Every structure is written in C-alpha cells, then in structure tokens.
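A.B. asks: Dropping in entry.txt, which is compact mmCIF, C-alpha atoms:
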# COMPACT_ATOMS: atom_id res chain seq x y z
CA MET M 235 -10.20 153.64 14.87
CA PRO M 236 -12.61 154.91 12.19
CA PRO M 237 -16.32 154.03 12.52
CA GLU M 238 -17.51 150.78 10.96
CA ASN M 239 -19.04 152.67 8.06
CA THR M 240 -15.81 154.51 7.21
CA ILE M 241 -12.61 153.54 5.44
CA ILE M 242 -9.69 155.92 5.86
CA ASP M 243 -7.69 156.13 2.64
CA ALA M 244 -3.90 156.29 2.65
CA ALA M 245 -4.05 160.01 1.91
CA GLY M 246 -6.15 160.55 5.03
CA TYR M 247 -9.53 161.25 3.47
CA PRO M 248 -12.60 159.32 4.62
CA ILE M 249 -14.64 157.01 2.39
CA VAL M 250 -18.00 156.95 4.13
CA PHE M 251 -20.89 154.57 3.53
CA GLU M 252 -23.86 156.62 4.70
CA GLN M 253 -27.04 158.21 3.44
CA LEU M 254 -26.87 161.31 1.26
CA GLY M 255 -28.45 163.41 4.01
CA SER M 256 -25.24 163.18 6.06
CA LEU M 257 -23.31 165.17 3.42
CA SER M 258 -23.88 168.52 5.13
CA ALA M 259 -22.54 167.26 8.46
CA HIS M 260 -19.41 165.90 6.81
CA LEU M 261 -18.82 169.17 4.95
CA HIS M 262 -19.04 171.08 8.22
CA ALA M 263 -16.69 168.59 9.85
CA LEU M 264 -14.19 169.30 7.09
CA GLY M 265 -14.35 173.00 7.89
CA PHE M 266 -16.74 174.19 5.19
CA GLY M 267 -19.20 176.53 6.90
CA GLY M 268 -21.44 177.33 3.97
CA GLY M 269 -21.34 179.67 1.00
CA ASP M 270 -21.04 178.79 -2.66
CA CYS M 271 -20.30 175.26 -3.82
CA LEU M 272 -20.01 173.86 -7.33
CA VAL M 273 -22.09 170.76 -8.05
CA VAL M 274 -21.21 168.83 -11.22
CA THR M 275 -23.60 166.11 -12.34
CA ASP M 276 -25.15 164.70 -15.51
CA ALA M 277 -28.67 164.94 -16.86
CA ASN M 278 -29.69 161.43 -15.77
CA VAL M 279 -28.50 161.88 -12.20
CA ALA M 280 -29.86 165.42 -11.98
CA SER M 281 -33.36 164.23 -12.85
CA LEU M 282 -33.22 161.80 -9.92
CA TYR M 283 -31.19 163.45 -7.19
CA ALA M 284 -30.51 167.14 -7.90
CA GLU M 285 -33.45 168.30 -5.82
CA THR M 286 -32.35 166.20 -2.84
CA VAL M 287 -28.72 167.31 -3.11
CA HIS M 288 -29.76 170.97 -3.30
CA ALA M 289 -32.05 170.59 -0.28
CA VAL M 290 -29.30 169.00 1.79
CA LEU M 291 -26.78 171.68 0.85
CA LYS M 292 -29.15 174.61 1.28
CA GLY M 293 -30.24 173.28 4.66
CA ALA M 294 -26.62 173.47 5.76
CA GLY M 295 -26.12 177.04 4.57
CA PHE M 296 -24.58 176.34 1.16
CA THR M 297 -25.53 177.93 -2.13
CA PRO M 298 -25.22 175.16 -4.72
CA ARG M 299 -24.38 176.17 -8.28
CA THR M 300 -24.98 173.22 -10.56
CA TYR M 301 -23.56 172.34 -13.97
CA THR M 302 -25.25 169.45 -15.75
CA ILE M 303 -23.31 167.61 -18.46
CA VAL M 304 -24.50 165.26 -21.16
CA PRO M 305 -24.28 161.67 -19.85
CA GLY M 306 -21.57 159.45 -21.30
CA GLU M 307 -17.90 159.27 -22.26
CA THR M 308 -18.21 161.98 -24.92
CA SER M 309 -18.44 164.55 -22.11
CA LYS M 310 -14.94 163.67 -20.88
CA SER M 311 -13.51 166.13 -23.38
CA SER M 312 -11.50 169.32 -23.49
CA ASP M 313 -14.58 171.12 -24.85
CA THR M 314 -16.70 170.19 -21.83
CA LEU M 315 -13.83 170.99 -19.48
CA GLN M 316 -13.51 174.47 -21.02
CA GLN M 317 -17.23 175.03 -20.51
CA LEU M 318 -16.84 174.05 -16.87
CA TYR M 319 -13.94 176.48 -16.43
CA ASP M 320 -16.01 179.31 -17.91
CA TRP M 321 -18.97 178.47 -15.67
CA ALA M 322 -16.78 178.31 -12.55
CA PHE M 323 -15.11 181.64 -13.26
CA GLU M 324 -18.51 183.25 -13.77
CA ALA M 325 -19.43 181.96 -10.31
CA GLU M 326 -16.37 183.81 -8.91
CA VAL M 327 -14.95 180.77 -7.15
CA THR M 328 -12.14 180.93 -4.63
CA ARG M 329 -9.73 178.25 -3.49
CA ARG M 330 -12.16 177.46 -0.66
CA THR M 331 -15.09 176.72 -3.00
CA PRO M 332 -15.79 172.97 -2.87
CA VAL M 333 -16.45 171.02 -6.06
CA ILE M 334 -19.02 168.26 -5.42
CA ALA M 335 -19.14 165.50 -8.04
CA VAL M 336 -22.54 163.80 -7.97
CA GLY M 337 -22.59 160.97 -10.49
CA GLY M 338 -20.66 158.07 -11.93
CA GLY M 339 -17.15 157.71 -13.25
CA VAL M 340 -17.45 160.26 -16.06
CA VAL M 341 -18.73 162.97 -13.72
CA GLY M 342 -16.12 162.10 -11.10
CA ASP M 343 -13.21 162.13 -13.54
CA LEU M 344 -14.30 165.38 -15.16
CA ALA M 345 -15.21 167.24 -11.96
CA GLY M 346 -12.05 165.90 -10.35
CA TYR M 347 -9.87 167.32 -13.12
CA LEU M 348 -11.75 170.63 -12.86
CA ALA M 349 -11.01 170.73 -9.12
CA ALA M 350 -7.39 169.69 -9.62
CA THR M 351 -6.58 172.38 -12.16
CA LEU M 352 -8.82 175.37 -11.40
CA LEU M 353 -6.94 177.98 -9.33
CA ARG M 354 -4.34 175.20 -8.89
CA GLY M 355 -6.68 173.19 -6.72
CA LEU M 356 -10.18 173.38 -5.22
CA PRO M 357 -11.53 171.04 -2.51
CA LEU M 358 -13.11 167.95 -4.12
CA ILE M 359 -16.01 165.89 -2.74
CA HIS M 360 -17.24 162.71 -4.44
CA VAL M 361 -20.85 161.52 -4.13
CA PRO M 362 -20.73 158.43 -6.37
CA THR M 363 -24.08 157.28 -7.72
CA THR M 364 -23.01 154.17 -9.66
CA LEU M 365 -21.56 150.88 -8.51
CA VAL M 366 -18.44 151.48 -10.63
CA ALA M 367 -17.85 154.79 -8.89
CA GLN M 368 -18.58 153.53 -5.37
CA VAL M 369 -16.11 150.65 -5.54
CA ASP M 370 -13.52 152.03 -7.93
CA SER M 371 -13.40 155.34 -9.76
CA SER M 372 -14.13 157.67 -6.83
CA ILE M 373 -11.32 156.09 -4.80
CA GLY M 374 -7.64 156.72 -5.38
CA GLY M 375 -7.44 160.23 -6.77
CA LYS M 376 -7.40 159.67 -10.52
CA THR M 377 -8.98 162.45 -12.56
CA GLY M 378 -8.96 163.24 -16.26
CA ILE M 379 -10.45 163.49 -19.70
CA ASN M 380 -10.18 161.54 -22.93
CA HIS M 381 -8.23 162.36 -26.08
CA SER M 382 -8.79 161.19 -29.63
CA ALA M 383 -5.68 159.03 -29.19
CA GLY M 384 -7.16 157.15 -26.24
CA LYS M 385 -9.05 157.11 -22.97
CA ASN M 386 -7.91 159.03 -19.85
CA LEU M 387 -4.69 160.21 -21.49
CA ILE M 388 -4.99 163.71 -20.02
CA GLY M 389 -5.35 163.98 -16.26
CA SER M 390 -3.78 164.08 -12.85
CA PHE M 391 -3.74 162.45 -9.44
CA TYR M 392 -5.78 164.62 -7.07
CA ARG M 393 -7.05 163.57 -3.66
CA PRO M 394 -10.64 164.29 -2.66
CA LYS M 395 -11.50 165.54 0.79
CA LEU M 396 -14.35 163.04 1.14
CA VAL M 397 -16.10 160.18 -0.64
CA LEU M 398 -19.71 159.67 0.46
CA SER M 399 -21.32 156.47 -0.86
CA ASP M 400 -25.06 155.96 -0.34
CA SER M 401 -26.10 152.44 -1.40
CA SER M 402 -29.71 153.54 -1.95
CA LEU M 403 -28.53 155.63 -4.93
CA LEU M 404 -27.77 152.39 -6.76
CA ASP M 405 -31.44 151.35 -6.87
CA SER M 406 -32.08 153.49 -9.94
CA LEU M 407 -29.27 152.05 -12.06
CA SER M 408 -30.11 150.46 -15.39
CA ALA M 409 -29.20 146.82 -15.95
CA GLU M 410 -26.24 147.91 -18.08
CA GLU M 411 -24.93 150.32 -15.44
CA TRP M 412 -25.33 147.66 -12.77
CA ARG M 413 -23.39 145.09 -14.77
CA SER M 414 -20.64 147.63 -15.41
CA GLY M 415 -20.19 147.93 -11.66
CA LEU M 416 -20.22 144.19 -11.20
CA SER M 417 -17.25 144.01 -13.59
CA GLU M 418 -15.22 146.09 -11.15
CA LEU M 419 -16.34 143.94 -8.20
CA VAL M 420 -15.19 140.82 -10.03
CA LYS M 421 -11.92 142.49 -11.04
CA HIS M 422 -11.07 143.39 -7.45
CA ALA M 423 -11.79 139.85 -6.32
CA LEU M 424 -9.71 138.29 -9.10
CA ILE M 425 -6.64 140.41 -8.44
CA ALA M 426 -6.57 140.48 -4.66
CA ASP M 427 -9.32 138.71 -2.71
CA ALA M 428 -10.21 135.08 -3.34
CA ASP M 429 -12.72 135.10 -0.46
CA LEU M 430 -14.52 138.02 -2.06
CA PHE M 431 -14.72 136.06 -5.32
CA ASP M 432 -16.24 133.14 -3.40
CA SER M 433 -18.91 135.48 -1.99
CA ILE M 434 -19.66 136.99 -5.39
CA GLU M 435 -19.80 133.57 -7.04
CA ALA M 436 -22.11 132.14 -4.38
CA SER M 437 -24.70 134.89 -4.89
CA TRP M 438 -24.05 135.55 -8.58
CA GLN M 439 -27.39 134.38 -9.94
CA HIS M 440 -29.17 136.78 -7.61
CA ILE M 441 -26.92 139.84 -7.77
CA SER M 442 -26.25 139.74 -11.51
CA ALA M 443 -29.93 139.92 -12.44
CA ALA M 444 -30.72 143.48 -11.31
CA PRO M 445 -29.71 146.13 -8.75
CA THR M 446 -30.01 144.63 -5.30
CA ASP M 447 -28.60 144.92 -1.80
CA LEU M 448 -25.02 143.63 -1.94
CA GLY M 449 -24.52 143.67 1.80
CA ASN M 450 -20.86 144.16 2.68
CA ILE M 451 -19.61 143.24 -0.82
CA VAL M 452 -19.41 146.89 -1.90
CA ARG M 453 -17.33 147.83 1.12
CA ARG M 454 -15.07 144.78 0.74
CA SER M 455 -14.50 145.63 -2.91
CA ALA M 456 -13.74 149.25 -2.03
CA GLU M 457 -11.26 148.00 0.56
CA VAL M 458 -9.36 146.12 -2.16
CA LYS M 459 -9.03 149.39 -4.07
CA VAL M 460 -7.91 151.25 -0.95
CA ARG M 461 -5.32 148.63 0.00
CA THR M 462 -3.88 148.70 -3.50
CA VAL M 463 -3.72 152.49 -3.58
CA VAL M 464 -2.15 152.59 -0.12
CA ALA M 465 0.75 150.54 -1.46
CA ASP M 466 1.26 152.67 -4.57
CA GLU M 467 -0.70 155.92 -4.79
CA TYR M 468 0.87 157.18 -8.03
CA GLU M 469 0.80 153.92 -9.99
CA ALA M 470 4.53 153.26 -10.09
CA GLY M 471 4.12 149.57 -9.24
CA THR M 472 1.40 147.51 -7.58
CA ARG M 473 -1.45 149.92 -8.34
CA MET M 474 -1.11 148.82 -11.94
CA LEU M 475 -2.73 145.55 -10.86
CA LEU M 476 -6.07 147.41 -10.83
CA ASN M 477 -5.78 147.54 -14.61
CA PHE M 478 -6.54 143.84 -14.99
CA GLY M 479 -8.75 143.59 -18.08
CA HIS M 480 -8.50 147.33 -18.68
CA THR M 481 -5.74 147.36 -21.29
CA PHE M 482 -7.83 145.05 -23.44
CA GLY M 483 -10.98 146.91 -22.37
CA HIS M 484 -9.75 150.39 -23.27
CA ALA M 485 -8.64 149.09 -26.67
CA ILE M 486 -12.09 147.56 -27.24
CA GLU M 487 -13.78 150.86 -26.34
CA ARG M 488 -11.49 152.81 -28.64
CA ILE M 489 -11.91 150.70 -31.76
CA ALA M 490 -15.64 150.15 -31.21
CA GLY M 491 -16.15 153.88 -30.66
CA TYR M 492 -16.56 155.42 -27.21
CA GLY M 493 -20.09 154.90 -25.95
CA THR M 494 -20.80 151.99 -28.31
CA ILE M 495 -19.78 149.46 -25.66
CA SER M 496 -19.94 150.41 -21.99
CA HIS M 497 -16.75 150.57 -19.99
CA GLY M 498 -17.81 147.71 -17.74
CA GLN M 499 -18.72 145.46 -20.64
CA ALA M 500 -15.42 146.21 -22.37
CA VAL M 501 -13.50 145.42 -19.19
CA ALA M 502 -15.42 142.16 -18.78
CA ALA M 503 -14.41 141.13 -22.31
CA GLY M 504 -10.89 142.26 -21.52
CA MET M 505 -10.81 140.12 -18.39
CA VAL M 506 -11.87 137.06 -20.39
CA ALA M 507 -8.95 137.62 -22.77
CA ALA M 508 -6.52 138.37 -19.94
CA THR M 509 -7.66 135.27 -18.05
CA LEU M 510 -7.10 133.07 -21.10
CA LEU M 511 -3.61 134.52 -21.51
CA SER M 512 -2.97 134.07 -17.78
CA ARG M 513 -3.79 130.38 -18.11
CA GLU M 514 -0.89 130.03 -20.56
CA TYR M 515 1.47 130.86 -17.70
CA SER M 516 -0.31 129.25 -14.74
CA ASP M 517 -2.44 126.11 -14.55
CA ARG M 518 -3.88 127.41 -11.25
CA VAL M 519 -6.09 129.84 -13.17
CA GLU M 520 -9.63 128.40 -12.94
CA LEU M 521 -11.03 129.30 -16.32
CA SER M 522 -14.45 127.72 -15.90
CA ARG M 523 -15.21 129.47 -12.60
CA ILE M 524 -14.08 132.84 -13.87
CA ASN M 525 -15.77 132.62 -17.25
CA SER M 526 -19.05 131.44 -15.75
CA VAL M 527 -19.23 134.79 -13.94
CA LEU M 528 -17.85 137.03 -16.66
CA LYS M 529 -20.06 135.69 -19.46
CA THR M 530 -23.05 137.46 -17.88
CA LEU M 531 -21.32 140.84 -18.20
CA LEU M 532 -20.17 140.77 -21.82
CA PRO M 533 -21.34 143.17 -24.54
CA ASP M 534 -23.72 141.90 -27.20
CA SER M 535 -21.56 143.05 -30.09
CA TRP M 536 -17.79 142.79 -29.94
CA HIS M 537 -16.96 139.66 -31.91
CA HIS M 538 -16.46 141.66 -35.11
CA LEU M 539 -13.41 143.36 -33.59
CA SER M 540 -10.05 141.85 -34.51
CA GLY M 541 -7.04 141.01 -32.41
CA GLU M 542 -4.85 143.05 -34.74
CA GLU M 543 -7.01 146.14 -34.11
CA VAL M 544 -6.79 145.55 -30.38
CA VAL M 545 -3.00 145.37 -30.42
CA GLU M 546 -2.77 148.59 -32.44
CA ALA M 547 -5.11 150.39 -30.04
CA MET M 548 -3.09 149.15 -27.06
CA ARG M 549 -0.07 151.08 -28.32
CA PHE M 550 -1.85 154.27 -27.22
CA ASP M 551 -2.44 152.95 -23.71
CA LYS M 552 -0.79 155.12 -21.05
CA LYS M 553 0.28 152.01 -19.11
CA ARG M 554 2.51 150.61 -21.84
CA SER M 555 6.24 150.42 -21.13
CA THR M 556 8.96 151.87 -23.31
CA ASP M 557 9.99 148.38 -24.38
CA GLY M 558 6.60 146.98 -25.31
CA LEU M 559 3.12 146.13 -24.19
CA ARG M 560 2.48 145.52 -20.51
CA LEU M 561 -0.45 143.47 -19.24
CA ILE M 562 -1.83 142.56 -15.84
CA LEU M 563 -2.36 138.83 -15.49
CA ILE M 564 -3.41 136.52 -12.66
CA ASP M 565 -1.67 133.38 -11.48
CA ARG M 566 -4.80 132.27 -9.57
CA ILE M 567 -8.00 133.80 -8.27
CA GLY M 568 -6.98 136.52 -5.81
CA SER M 569 -3.43 137.04 -7.04
CA ALA M 570 -2.27 139.26 -9.92
CA TYR M 571 1.05 140.38 -11.34
CA VAL M 572 2.54 142.59 -14.04
CA ARG M 573 3.84 140.93 -17.17
CA GLU M 574 6.13 143.05 -19.31
CA ASN M 575 6.84 142.91 -23.04
CA VAL M 576 3.95 140.68 -24.05
CA ASP M 577 4.20 139.60 -27.68
CA ASP M 578 1.65 140.91 -30.14
CA ALA M 579 0.93 137.36 -31.25
CA GLU M 580 0.04 136.31 -27.69
CA ILE M 581 -2.39 139.19 -27.35
CA ILE M 582 -4.03 138.50 -30.70
CA THR M 583 -4.40 134.81 -29.90
CA ALA M 584 -5.87 135.51 -26.46
CA PHE M 585 -8.38 137.99 -27.88
CA GLU M 586 -9.47 135.68 -30.69
CA ARG M 587 -9.83 132.80 -28.22
CA ALA M 588 -11.91 135.02 -25.93
CA LYS M 589 -14.31 135.71 -28.80
CA ALA M 590 -14.51 132.01 -29.64
CA VAL M 591 -15.08 130.92 -26.04
CA THR M 592 -17.84 133.46 -25.41
CA SER M 593 -19.66 132.88 -28.69
CA ALA M 594 -19.97 129.16 -28.12
Show me, as structure tokens, the structure contained in the file I just sent.
C.D. replies:
Amino acid sequence: MPPENTIIDAAGYPIVFEQLGSLSAHLHALGFGGGDCLVVTDANVASLYAETVHAVLKGAGFTPRTYTIVPGETSKSSDTLQQLYDWAFEAEVTRRTPVIAVGGGVVGDLAGYLAATLLRGLPLIHVPTTLVAQVDSSIGGKTGINHSAGKNLIGSFYRPKLVLSDSSLLDSLSAEEWRSGLSELVKHALIADADLFDSIEASWQHISAAPTDLGNIVRRSAEVKVRTVVADEYEAGTRMLLNFGHTFGHAIERIAGYGTISHGQAVAAGMVAATLLSREYSDRVELSRINSVLKTLLPDSWHHLSGEEVVEAMRFDKKRSTDGLRLILIDRIGSAYVRENVDDAEIITAFERAKAVTSA
C-alpha cells in the first residue's frame, strides 16, 4: 500500500503530497543521482520559489538550468516551445536529463510537451504551484500548446515520473488564481463525487474568500481525477467526463481572447451553461445548489459574448465528434455522462440562459 500522502496513478507514477524539500529524495528514489536538470517555470513563480528549488536541487547534487517564461496562456505557443528546444540543446541534454515543471497549468503543459518531444522523451517531474495544477492539470499525462484555431490542439499524452504537490505553495496565489482552482474542485465533485460537493458546499463561504487550508479536499479532488484517468488514460471514453464545462469554457476563452478571462472563470461560466442544459434532461439536477457555488467563480465580463459565437468556437474543439457537437452533462450532482450530437439551438439557449441567470 502507498503511504497516506501518496496516490499511485494508473501508469504507476506517484502523486505525492509533501513539502518541496522532499523533491531531492524522490528524485534519488527514481534513480536520478545528480547532474544537469532542466527547470521550467514562469516569472511569477520564479520570483517566489526559484531560489528554494535551486537550493533543494543543488543540495542533492543536481545542476539546475532554469528557463523562465512569460506568465499566461500566450506562452503556450510554438514560438515559446522553439525557444525551449534551443535552450535545451544548448544545455547538451541527454535522454536521462529530467525536466522539472515548477508552476501552474501553462508551465506544466508546455514543459510536459517539451519533455515528450525532445529526443523522443525526457523524464518529466511536475511540481504544481497552483490549485488547478495540483488537482487537475499535473495529473493524467496531458501536455500541449495552443493554436490560433483553439486551445490545446497540439499536444500529446506523456506520463510524468512524479507529481509533488506542496500545499504551502498555494498560499501565494492571487484571488483569481485561487478561484480558478476552485472551479476544478467543483467540477470534480459535480461529475463524480457527491460527498465531495457536500464538503465543498459546507465550507464554501470560508474557502471561496481567499487561499486557505483545504484539508483533505485537495487530495479527494485529485483522487477523482486519478480514478477517471485510470478508467480511460487516452480519453477514448469516460475521461471525457473531466471536460464538464470545458467545451463551453474553451469557446468563451477563444472568443474573448486568451488571457482576457481566466481558464477557471471560463470553465465556471461553462459549467453554469452545461448545468442548465443538463436540467433539460434530468429533474434531479439541483440548479440552486450548484449555481450558488458557481456564481462566486464567474468572470466579471462575459455577458457581451453571444451564444452563436460560442457554437462557432466549439466547432474547433478537439473533443467534438464527426457527427456534431459533444457535451458533458450531469444527471445529478456526482454523476456525469456524454451527450452526443447536441443541437446548436440547445447550446445557444443554454448559454443565453446562463448569462441571464448570473446577471440577475
């Protein structure tokens, strides 16, 4: 049995909830005895934690070489990826050189794709520093970059060797970053864990205000992600349930302009729309309970977007089927399903209703 602070993913890699200082011991346990390592981070994270990360790695005999990207979705680009390739080749990496992603979802996706493609695969270590990354994006092996046609359209599935989540790293998150992570917590509860939703709802007033100790909620949310990935690592079936709210959300991000609305806020708005559409098919969907939580996480400015624009943007979504638009809906809190070939008119109506409900 793994220790209480460890979840073993389906692919066999550990997801560890420990302090950052334990990173060196875990690297040695994985067979890395020192030498060069590539650290990818962003400017915000580097200002807070680069010195600590370097000290931990150097103390264990590693020589960290760090590349700092500009924070935000605009860095998930082919241009930034090319710069990372050039930097890595200058460092004379080998297939044994670990890539350590220290940051949130953007850093993890970008560094993950670097590791997946450079020399046909370098060892990847995730040190997630945001709530989104600790409960969602660092788990499951998705890596990639954006394209002008849409978000995350270029990428691969690539398993990390280790995910090390230190809850103290969340203390420095801004209110917006914190709420983005809460969106993923709520999503996991809505699709697969009604008891988790009860726990979130009971402490919502406290935890939604500012970064705070979430107790075992982070681990329980991560376990939802792991269970879902275990059943369907390459997203051929049930893993698609993790996209609840995301098809709407990615469309909102695209038409608003990447970076204008945060990913978590867009997903929260998407979940409102998806919940309203879900209610059309199941009277067990508790709109008032769900919306009372989600309303705290919504962006300030999204009501100017139109349902017609959303539908058009959805056509670029990588999760669409060949026959039409596919959405993840819920039939009650804690239970989700895939609905194929959703009519454009249904999507437009749900989105317009979501705007009306949340502006009241």
A.B. asks: Return the single residue from M:Tyr247, M:Leu344, M:Leu352, M:His537 that is closest to M:Glu326, with distances computed using all atoms listed in the file.
C.D. replies: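 When distances to M:Glu326 are compared using all atoms listed in the file, the smallest one comes from M:Leu352.
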A.B. asks: Set out as CSV a contact list for stretch 428-524 of chain M and stretch 370-389 of chain M with a cut-off of 9 Å, giving each residue of stretch 428-524 of chain M that qualifies its closest atom pair and distance in Å to one decimal, counting only C-alpha atoms, ordered by chain and rising residue number.
C.D. replies:
residue,atom,partner,partner_atom,distance
M:Ser455,CA,M:Asp370,CA,8.2
M:Ala456,CA,M:Asp370,CA,6.5
M:Lys459,CA,M:Asp370,CA,6.5
M:Val460,CA,M:Gly374,CA,7.0
M:Val463,CA,M:Gly374,CA,6.0
M:Val464,CA,M:Gly374,CA,8.7
M:Glu467,CA,M:Gly374,CA,7.0
M:Tyr468,CA,M:Gly374,CA,8.9
M:His484,CA,M:Lys385,CA,6.8
M:Ala485,CA,M:Gly384,CA,8.2
M:Glu487,CA,M:Lys385,CA,8.5
M:Arg488,CA,M:Gly384,CA,6.6
M:Tyr492,CA,M:Lys385,CA,8.8
A.B. asks: Using only C-alpha atoms, please write the residues we just selected to a file, as a PDB file, in the coordinates of the input.
C.D. replies:
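Generated output (part_2.pdb):
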ATOM      1  CA  SER M 455     -14.500 145.630  -2.910  1.00  0.00           C
ATOM      2  CA  ALA M 456     -13.740 149.250  -2.030  1.00  0.00           C
ATOM      3  CA  LYS M 459      -9.030 149.390  -4.070  1.00  0.00           C
ATOM      4  CA  VAL M 460      -7.910 151.250  -0.950  1.00  0.00           C
ATOM      5  CA  VAL M 463      -3.720 152.490  -3.580  1.00  0.00           C
ATOM      6  CA  VAL M 464      -2.150 152.590  -0.120  1.00  0.00           C
ATOM      7  CA  GLU M 467      -0.700 155.920  -4.790  1.00  0.00           C
ATOM      8  CA  TYR M 468       0.870 157.180  -8.030  1.00  0.00           C
ATOM      9  CA  HIS M 484      -9.750 150.390 -23.270  1.00  0.00           C
ATOM     10  CA  ALA M 485      -8.640 149.090 -26.670  1.00  0.00           C
ATOM     11  CA  GLU M 487     -13.780 150.860 -26.340  1.00  0.00           C
ATOM     12  CA  ARG M 488     -11.490 152.810 -28.640  1.00  0.00           C
ATOM     13  CA  TYR M 492     -16.560 155.420 -27.210  1.00  0.00           C
TER      14      TYR M 492
END
A.B. asks: Can you find the residues with an atom no farther than 10 Å from (-9.9, 144.1, -20.2), counting only C-alpha atoms, and report them as a PyMOL selection string?
C.D. replies: chain M and resi 417+421+477-487+497-509+561-562+585
A.B. asks: Rounded to one decimal place, report the atom CA of M:Ser311-atom CA of M:Thr297 distance in Å.
C.D. replies: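 These two atoms are separated by 27.1 Å.
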A.B. asks: Just the number, please: distance in Å from atom CA of M:Ile425 to atom CA of M:Gly337, one decimal.
C.D. replies: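 Those two atoms sit 26.1 Å apart.
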A.B. asks: To one decimal place in Å, what is the distance between atom CA of M:Leu348 and atom CA of M:Leu398?
C.D. replies: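 Between these atoms lies a distance of 19.0 Å.
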A.B. asks: Which is closest to M:Val274 among M:Gly246, M:Gly255, M:Gly346, M:Gly293, if we use only C-alpha atoms?
C.D. replies: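 For M:Val274, the nearest of the given residues is M:Gly346.
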A.B. asks: Ranking M:Leu539, M:Ala588, M:Val572, M:Ala277 by minimum distance to M:Gly471 and counting all atoms listed in the file, which one comes first?
C.D. replies: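 With all atoms listed in the file as the atom set, the closest residue is M:Val572.
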A.B. asks: Which residues are near M:Leu521? Cut-off 9 Å, only C-alpha atoms, ignore same chain within fewer than 3 positions. Put them as a PDB file with C-alpha atoms, in the frame of the given file.
C.D. replies:
ATOM      1  CA  VAL M 506     -11.870 137.060 -20.390  1.00  0.00           C
ATOM      2  CA  THR M 509      -7.660 135.270 -18.050  1.00  0.00           C
ATOM      3  CA  LEU M 510      -7.100 133.070 -21.100  1.00  0.00           C
ATOM      4  CA  ARG M 513      -3.790 130.380 -18.110  1.00  0.00           C
ATOM      5  CA  ARG M 518      -3.880 127.410 -11.250  1.00  0.00           C
ATOM      6  CA  ILE M 524     -14.080 132.840 -13.870  1.00  0.00           C
ATOM      7  CA  ASN M 525     -15.770 132.620 -17.250  1.00  0.00           C
ATOM      8  CA  SER M 526     -19.050 131.440 -15.750  1.00  0.00           C
TER       9      SER M 526
END
A.B. asks: What's the 9 Å shell around M:Lys395, counting all atoms listed in the file, without same-chain residues fewer than 2 positions away, as a PyMOL selection string?
C.D. replies: chain M and resi 246-248+264+357-360+393+397
A.B. asks: Box time for stretch 536-546 of chain M: axis-aligned, enclosing all its listed atoms, 5 Å extra on each side; report centre and edge lengths in Å to one decimal, as lines of an AutoDock Vina configuration file.
C.D. replies:
center_x = -10.3
center_y = 144.1
center_z = -32.5
size_x = 25.0
size_y = 18.9
size_z = 15.2
A.B. asks: So which one's closest to M:Asp276, M:Leu448, M:Leu261, M:Val341, M:Leu315? Using all atoms listed in the file, please.
C.D. replies: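 Looking only at the distances to M:Asp276, the closest residue turns out to be M:Val341.
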A.B. asks: Considering all atoms listed in the file, state which residue in the set M:Leu257, M:Val287, M:Val250, M:Val340 is at the smallest distance from M:Gly493.
C.D. replies: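 For M:Gly493, the nearest of the candidates is M:Val340.
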A.B. asks: Around the point (-27.2, 172.4, -1.0) (coordinates from the file), which residues reach within 9 Å if we count all atoms listed in the file? Answer as a ChimeraX atom specification.
C.D. replies: /M:258,271,273,285-299
A.B. asks: Nearest residue to M:Arg354 out of M:Thr328, M:Ser496, M:Ser256, M:Gln316, using all atoms listed in the file?
C.D. replies: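 Closest candidate: M:Thr328.
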A.B. asks: Which stretch 416-529 of chain M residues have any atom within 6 Å of an atom of stretch 564-568 of chain M, and for each, what is the nearest pair of atoms with distance in Å to one decimal, counting only C-alpha atoms, rows sorted by chain and number, as CSV?
C.D. replies:
residue,atom,partner,partner_atom,distance
M:Ala423,CA,M:Gly568,CA,5.9
M:Leu424,CA,M:Gly568,CA,4.6
M:Ile425,CA,M:Gly568,CA,4.7
M:Ala426,CA,M:Gly568,CA,4.1
M:Asp427,CA,M:Gly568,CA,4.5
M:Ala428,CA,M:Gly568,CA,4.3
M:Ser512,CA,M:Ile564,CA,5.7
M:Ser516,CA,M:Asp565,CA,5.4
M:Arg518,CA,M:Arg566,CA,5.2
M:Val519,CA,M:Arg566,CA,4.5
A.B. asks: With C-alpha atoms kept, could you save the residues just selected as an mmCIF file, in the coordinates of the input?
C.D. replies:
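Ended up saving to part.cif:
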data_model
loop_
_atom_site.group_PDB
_atom_site.id
_atom_site.type_symbol
_atom_site.label_atom_id
_atom_site.label_comp_id
_atom_site.auth_asym_id
_atom_site.auth_seq_id
_atom_site.Cartn_x
_atom_site.Cartn_y
_atom_site.Cartn_z
ATOM 1 C CA ALA M 423 -11.790 139.850 -6.320
ATOM 2 C CA LEU M 424 -9.710 138.290 -9.100
ATOM 3 C CA ILE M 425 -6.640 140.410 -8.440
ATOM 4 C CA ALA M 426 -6.570 140.480 -4.660
ATOM 5 C CA ASP M 427 -9.320 138.710 -2.710
ATOM 6 C CA ALA M 428 -10.210 135.080 -3.340
ATOM 7 C CA SER M 512 -2.970 134.070 -17.780
ATOM 8 C CA SER M 516 -0.310 129.250 -14.740
ATOM 9 C CA ARG M 518 -3.880 127.410 -11.250
ATOM 10 C CA VAL M 519 -6.090 129.840 -13.170
#
A.B. asks: Quick one: residues within 10 Å of M:Thr275, only C-alpha atoms, excluding same-chain residues fewer than 4 positions away - as an mmCIF file with C-alpha atoms, in the coordinates of the input?
C.D. replies:
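Below you can see result28.cif, which holds the result:
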data_model
loop_
_atom_site.group_PDB
_atom_site.id
_atom_site.type_symbol
_atom_site.label_atom_id
_atom_site.label_comp_id
_atom_site.auth_asym_id
_atom_site.auth_seq_id
_atom_site.Cartn_x
_atom_site.Cartn_y
_atom_site.Cartn_z
ATOM 1 C CA VAL M 279 -28.500 161.880 -12.200
ATOM 2 C CA ALA M 280 -29.860 165.420 -11.980
ATOM 3 C CA SER M 281 -33.360 164.230 -12.850
ATOM 4 C CA TYR M 283 -31.190 163.450 -7.190
ATOM 5 C CA ALA M 284 -30.510 167.140 -7.900
ATOM 6 C CA THR M 300 -24.980 173.220 -10.560
ATOM 7 C CA TYR M 301 -23.560 172.340 -13.970
ATOM 8 C CA THR M 302 -25.250 169.450 -15.750
ATOM 9 C CA ILE M 303 -23.310 167.610 -18.460
ATOM 10 C CA VAL M 304 -24.500 165.260 -21.160
ATOM 11 C CA PRO M 305 -24.280 161.670 -19.850
ATOM 12 C CA ILE M 334 -19.020 168.260 -5.420
ATOM 13 C CA ALA M 335 -19.140 165.500 -8.040
ATOM 14 C CA VAL M 336 -22.540 163.800 -7.970
ATOM 15 C CA GLY M 337 -22.590 160.970 -10.490
ATOM 16 C CA GLY M 338 -20.660 158.070 -11.930
ATOM 17 C CA VAL M 340 -17.450 160.260 -16.060
ATOM 18 C CA VAL M 341 -18.730 162.970 -13.720
ATOM 19 C CA GLY M 342 -16.120 162.100 -11.100
ATOM 20 C CA LEU M 344 -14.300 165.380 -15.160
ATOM 21 C CA ALA M 345 -15.210 167.240 -11.960
ATOM 22 C CA VAL M 361 -20.850 161.520 -4.130
ATOM 23 C CA THR M 363 -24.080 157.280 -7.720
#
